[in-house]
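Next comes target-v7.cif, with mmCIF, C-alpha atoms and all ligand atoms.
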data_entry
loop_
_atom_site.group_PDB
_atom_site.id
_atom_site.type_symbol
_atom_site.label_atom_id
_atom_site.label_comp_id
_atom_site.auth_asym_id
_atom_site.auth_seq_id
_atom_site.Cartn_x
_atom_site.Cartn_y
_atom_site.Cartn_z
ATOM 1 C CA MET A 1 106.832 66.340 158.708
ATOM 2 C CA ASN A 2 108.839 65.972 155.542
ATOM 3 C CA ILE A 3 107.292 65.946 152.077
ATOM 4 C CA SER A 4 107.070 62.157 151.936
ATOM 5 C CA ASP A 5 105.199 62.180 155.250
ATOM 6 C CA TRP A 6 102.789 64.838 153.923
ATOM 7 C CA GLN A 7 102.331 62.771 150.768
ATOM 8 C CA ARG A 8 101.318 59.729 152.805
ATOM 9 C CA ASP A 9 99.151 61.781 155.190
ATOM 10 C CA VAL A 10 97.108 63.693 152.598
ATOM 11 C CA HIS A 11 96.596 60.544 150.525
ATOM 12 C CA GLU A 12 95.318 58.678 153.564
ATOM 13 C CA THR A 13 92.873 61.517 154.258
ATOM 14 C CA ALA A 14 91.729 61.539 150.627
ATOM 15 C CA ARG A 15 91.191 57.786 150.658
ATOM 16 C CA GLU A 16 89.294 57.965 153.956
ATOM 17 C CA HIS A 17 87.033 60.611 152.450
ATOM 18 C CA GLY A 18 86.237 58.528 149.394
ATOM 19 C CA TRP A 19 88.197 60.430 146.736
ATOM 20 C CA TRP A 20 89.808 57.235 145.502
ATOM 21 C CA ASP A 21 86.756 54.935 145.670
ATOM 22 C CA ARG A 22 86.664 54.960 141.885
ATOM 23 C CA SER A 23 89.597 55.086 139.525
ATOM 24 C CA ARG A 24 90.561 58.585 138.447
ATOM 25 C CA SER A 25 92.265 59.459 135.222
ATOM 26 C CA THR A 26 95.592 61.225 135.361
ATOM 27 C CA GLY A 27 94.127 63.997 133.210
ATOM 28 C CA GLU A 28 91.269 64.559 135.658
ATOM 29 C CA VAL A 29 93.597 64.775 138.636
ATOM 30 C CA LEU A 30 96.038 67.100 136.873
ATOM 31 C CA MET A 31 93.223 69.416 135.823
ATOM 32 C CA LEU A 32 91.918 69.518 139.387
ATOM 33 C CA MET A 33 95.336 70.929 140.350
ATOM 34 C CA VAL A 34 94.808 73.614 137.711
ATOM 35 C CA THR A 35 91.382 74.452 139.150
ATOM 36 C CA GLU A 36 93.033 75.242 142.481
ATOM 37 C CA LEU A 37 95.383 77.659 140.724
ATOM 38 C CA ALA A 38 92.376 79.222 139.012
ATOM 39 C CA GLU A 39 90.799 79.674 142.442
ATOM 40 C CA ALA A 40 94.018 81.360 143.602
ATOM 41 C CA MET A 41 93.809 83.682 140.602
ATOM 42 C CA GLU A 42 90.202 84.525 141.437
ATOM 43 C CA ALA A 43 91.238 85.265 145.038
ATOM 44 C CA TYR A 44 93.930 87.605 143.705
ATOM 45 C CA ARG A 45 91.363 89.381 141.495
ATOM 46 C CA ILE A 46 89.188 90.163 144.512
ATOM 47 C CA GLY A 47 92.078 91.420 146.659
ATOM 48 C CA ASN A 48 93.087 88.165 148.391
ATOM 49 C CA PRO A 49 90.713 88.311 151.372
ATOM 50 C CA PRO A 50 91.012 86.034 154.388
ATOM 51 C CA SER A 51 90.025 82.433 153.821
ATOM 52 C CA GLU A 52 86.602 81.528 155.189
ATOM 53 C CA LYS A 53 87.732 77.962 155.939
ATOM 54 C CA ILE A 54 91.108 78.769 157.544
ATOM 55 C CA PRO A 55 90.781 82.453 158.617
ATOM 56 C CA ARG A 56 94.417 82.777 159.770
ATOM 57 C CA PHE A 57 95.359 82.584 156.107
ATOM 58 C CA THR A 58 94.474 84.351 152.886
ATOM 59 C CA GLN A 59 92.449 82.777 150.117
ATOM 60 C CA ILE A 60 95.569 82.572 147.919
ATOM 61 C CA GLU A 61 97.355 80.649 150.658
ATOM 62 C CA GLU A 62 94.369 78.325 150.968
ATOM 63 C CA GLU A 63 94.175 77.639 147.226
ATOM 64 C CA LEU A 64 97.923 77.069 146.886
ATOM 65 C CA ALA A 65 97.654 74.642 149.803
ATOM 66 C CA ASP A 66 94.781 72.900 147.998
ATOM 67 C CA CYS A 67 96.933 72.597 144.881
ATOM 68 C CA LEU A 68 99.829 71.203 146.889
ATOM 69 C CA ILE A 69 97.511 68.731 148.626
ATOM 70 C CA ARG A 70 96.273 67.520 145.239
ATOM 71 C CA MET A 71 99.881 67.141 144.030
ATOM 72 C CA LEU A 72 100.903 65.216 147.135
ATOM 73 C CA ASP A 73 97.791 63.030 146.956
ATOM 74 C CA PHE A 74 98.404 62.209 143.303
ATOM 75 C CA ALA A 75 102.089 61.489 143.928
ATOM 76 C CA ALA A 76 101.171 59.032 146.675
ATOM 77 C CA ALA A 77 98.520 57.347 144.516
ATOM 78 C CA GLU A 78 101.038 56.902 141.701
ATOM 79 C CA GLY A 79 103.966 55.964 143.936
ATOM 80 C CA LEU A 80 105.945 59.003 142.827
ATOM 81 C CA ASP A 81 108.976 60.279 144.738
ATOM 82 C CA LEU A 82 108.004 63.945 144.832
ATOM 83 C CA GLU A 83 110.468 64.755 147.613
ATOM 84 C CA GLY A 84 113.343 63.269 145.632
ATOM 85 C CA ALA A 85 112.248 64.973 142.431
ATOM 86 C CA LEU A 86 111.931 68.306 144.242
ATOM 87 C CA ALA A 87 115.456 68.058 145.620
ATOM 88 C CA ALA A 88 116.858 66.984 142.258
ATOM 89 C CA LYS A 89 115.059 69.692 140.271
ATOM 90 C CA ALA A 90 115.871 72.456 142.783
ATOM 91 C CA ALA A 91 119.559 71.474 142.592
ATOM 92 C CA TYR A 92 119.378 71.405 138.795
ATOM 93 C CA ASN A 93 117.741 74.844 138.715
ATOM 94 C CA ALA A 94 120.427 76.227 141.032
ATOM 95 C CA SER A 95 123.059 75.034 138.553
ATOM 96 C CA ARG A 96 121.474 76.806 135.585
ATOM 97 C CA PRO A 97 122.741 80.159 134.272
ATOM 98 C CA TYR A 98 121.144 83.510 135.115
ATOM 99 C CA ARG A 99 117.592 83.530 133.692
ATOM 100 C CA HIS A 100 118.440 80.098 132.305
ATOM 101 C CA GLY A 101 120.415 81.672 129.501
ATOM 102 C CA ASP A 102 118.127 83.982 127.557
ATOM 103 C CA LYS A 103 114.640 82.978 128.694
ATOM 104 C CA LEU A 104 112.020 85.715 128.937
ATOM 105 C CA ALA A 105 109.913 83.997 131.611
HETATM 106 MG MG MG A 201 90.283 75.185 146.559
#
This structure in structure tokens:
Amino acid sequence: MNISDWQRDVHETAREHGWWDRSRSTGEVLMLMVTELAEAMEAYRIGNPPSEKIPRFTQIEEELADCLIRMLDFAAAEGLDLEGALAAKAAYNASRPYRHGDKLA
């Protein structure tokens, strides 16, 4: 599947499971992405054990997947072209100078 397919697929699952039965603010959805990153950080703090839900993977992998799912779901809900933006931004980044000039991070 390409990213657009994943976008459509995860949004359909989210809708089927009732996550879009009420309107959601953009701020709420964006902060839910942050909570997944916080869960990844917590997994890192405890040594990144195997996920209990998907045992083939670590907890960091699971939480990053959760974050990506939330991004894809939001992009579909808003009609955003995440696949196009990813390609455009990756190409832009590749064109930038070493460490983007003099950036520290
Ligand atoms: Mg999670």
* For Ser23 in chain A, the nearest of the candidates A:His100, A:Leu86, A:Tyr92, A:Glu78, counting all atoms listed in the file ->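 Ranking A:His100, A:Leu86, A:Tyr92, A:Glu78 by distance to Ser23 in chain A, first place goes to A:Glu78.
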* Just so the selection is clear, what residues does the PyMOL selection byres (((chain A and resi 33-41) around 7) and not hetatm) cover here, as an MDAnalysis selection string? -> chainID A and resid 29:32 42:45 59:60 63:64 66:67 70:71
Would you put the residues from that selection into a file with C-alpha atoms, as a tab-separated table (two decimals), in the frame of the given file?
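Saved to part17.tsv:
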chain	number	residue	atom	x	y	z
A	29	VAL	CA	93.60	64.78	138.64
A	30	LEU	CA	96.04	67.10	136.87
A	31	MET	CA	93.22	69.42	135.82
A	32	LEU	CA	91.92	69.52	139.39
A	42	GLU	CA	90.20	84.52	141.44
A	43	ALA	CA	91.24	85.26	145.04
A	44	TYR	CA	93.93	87.60	143.71
A	45	ARG	CA	91.36	89.38	141.50
A	59	GLN	CA	92.45	82.78	150.12
A	60	ILE	CA	95.57	82.57	147.92
A	63	GLU	CA	94.18	77.64	147.23
A	64	LEU	CA	97.92	77.07	146.89
A	66	ASP	CA	94.78	72.90	148.00
A	67	CYS	CA	96.93	72.60	144.88
A	70	ARG	CA	96.27	67.52	145.24
A	71	MET	CA	99.88	67.14	144.03
* Counting only C-alpha atoms and all ligand atoms, the option among A:Glu16, A:Glu83, A:Glu61, A:Asp102 closest to ligand MG 201 (chain A) ->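 Distance minimum relative to ligand MG 201 (chain A) lands on A:Glu61.
Under the PyMOL selection byres (((chain A and resi 4) around 9) and not hetatm), the matching residues in the shown file are Met1, Asn2, Ile3, Asp5, Trp6, Gln7, Arg8, Asp9, Leu72, Ala76, Asp81, Leu82, Glu83 and Gly84 of chain A.
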* Determine the nearest neighbour of Trp20 in chain A from the options A:Ile46, A:Ala77, A:Ile54, A:Ala94, counting only C-alpha atoms. =>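 Of all the options, A:Ala77 lies closest to Trp20 in chain A.
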* For ligand MG 201 (chain A), the nearest of the candidates A:Val10, A:Ala105, A:Gly27, A:Glu52, counting only C-alpha atoms and all ligand atoms ->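 Closest candidate: A:Glu52.
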* To do: Rank A:Lys89, A:Lys53, A:Lys103, A:Arg22 by their smallest atom-to-atom distance to ligand MG 201 (chain A), using only C-alpha atoms and all ligand atoms, and report the top residue only.
  => A:Lys53
Output as AutoDock Vina command-line options the centre and edge lengths (Å, one decimal) of the box along x, y and z of the file that holds every listed atom of range 9-24 of chain A after adding 8 Å on each side.
--center_x 92.7 --center_y 59.3 --center_z 146.8 --size_x 28.9 --size_y 24.8 --size_z 32.7
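Going from CA of Gly101 in chain A over to CA of Ala88 in chain A, you cover 19.8 Å.
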* To do: In Å, rounded to a single decimal, give me how far CA of Leu80 in chain A is from CA of Ser95 in chain A.
  => 23.8 Å
* To do: Measure the distance from CA of Asp21 in chain A to CA of Leu68 in chain A in Å and round it to one decimal.
  =>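 Value for the CA of Asp21 in chain A-CA of Leu68 in chain A distance: 20.9 Å.
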* Residues matched by the PyMOL selection byres (((chain A and resi 49) around 6) and not hetatm), written as number ranges by chain -> A: 47-48, 50, 58-59
* In terms of the shortest atom-to-atom distance over all atoms listed in the file, which of A:Thr13, A:Ser51, A:Ser25, A:Asn93 is closest to ligand MG 201 (chain A)? ->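 Closest to ligand MG 201 (chain A) of all the choices is A:Ser51.
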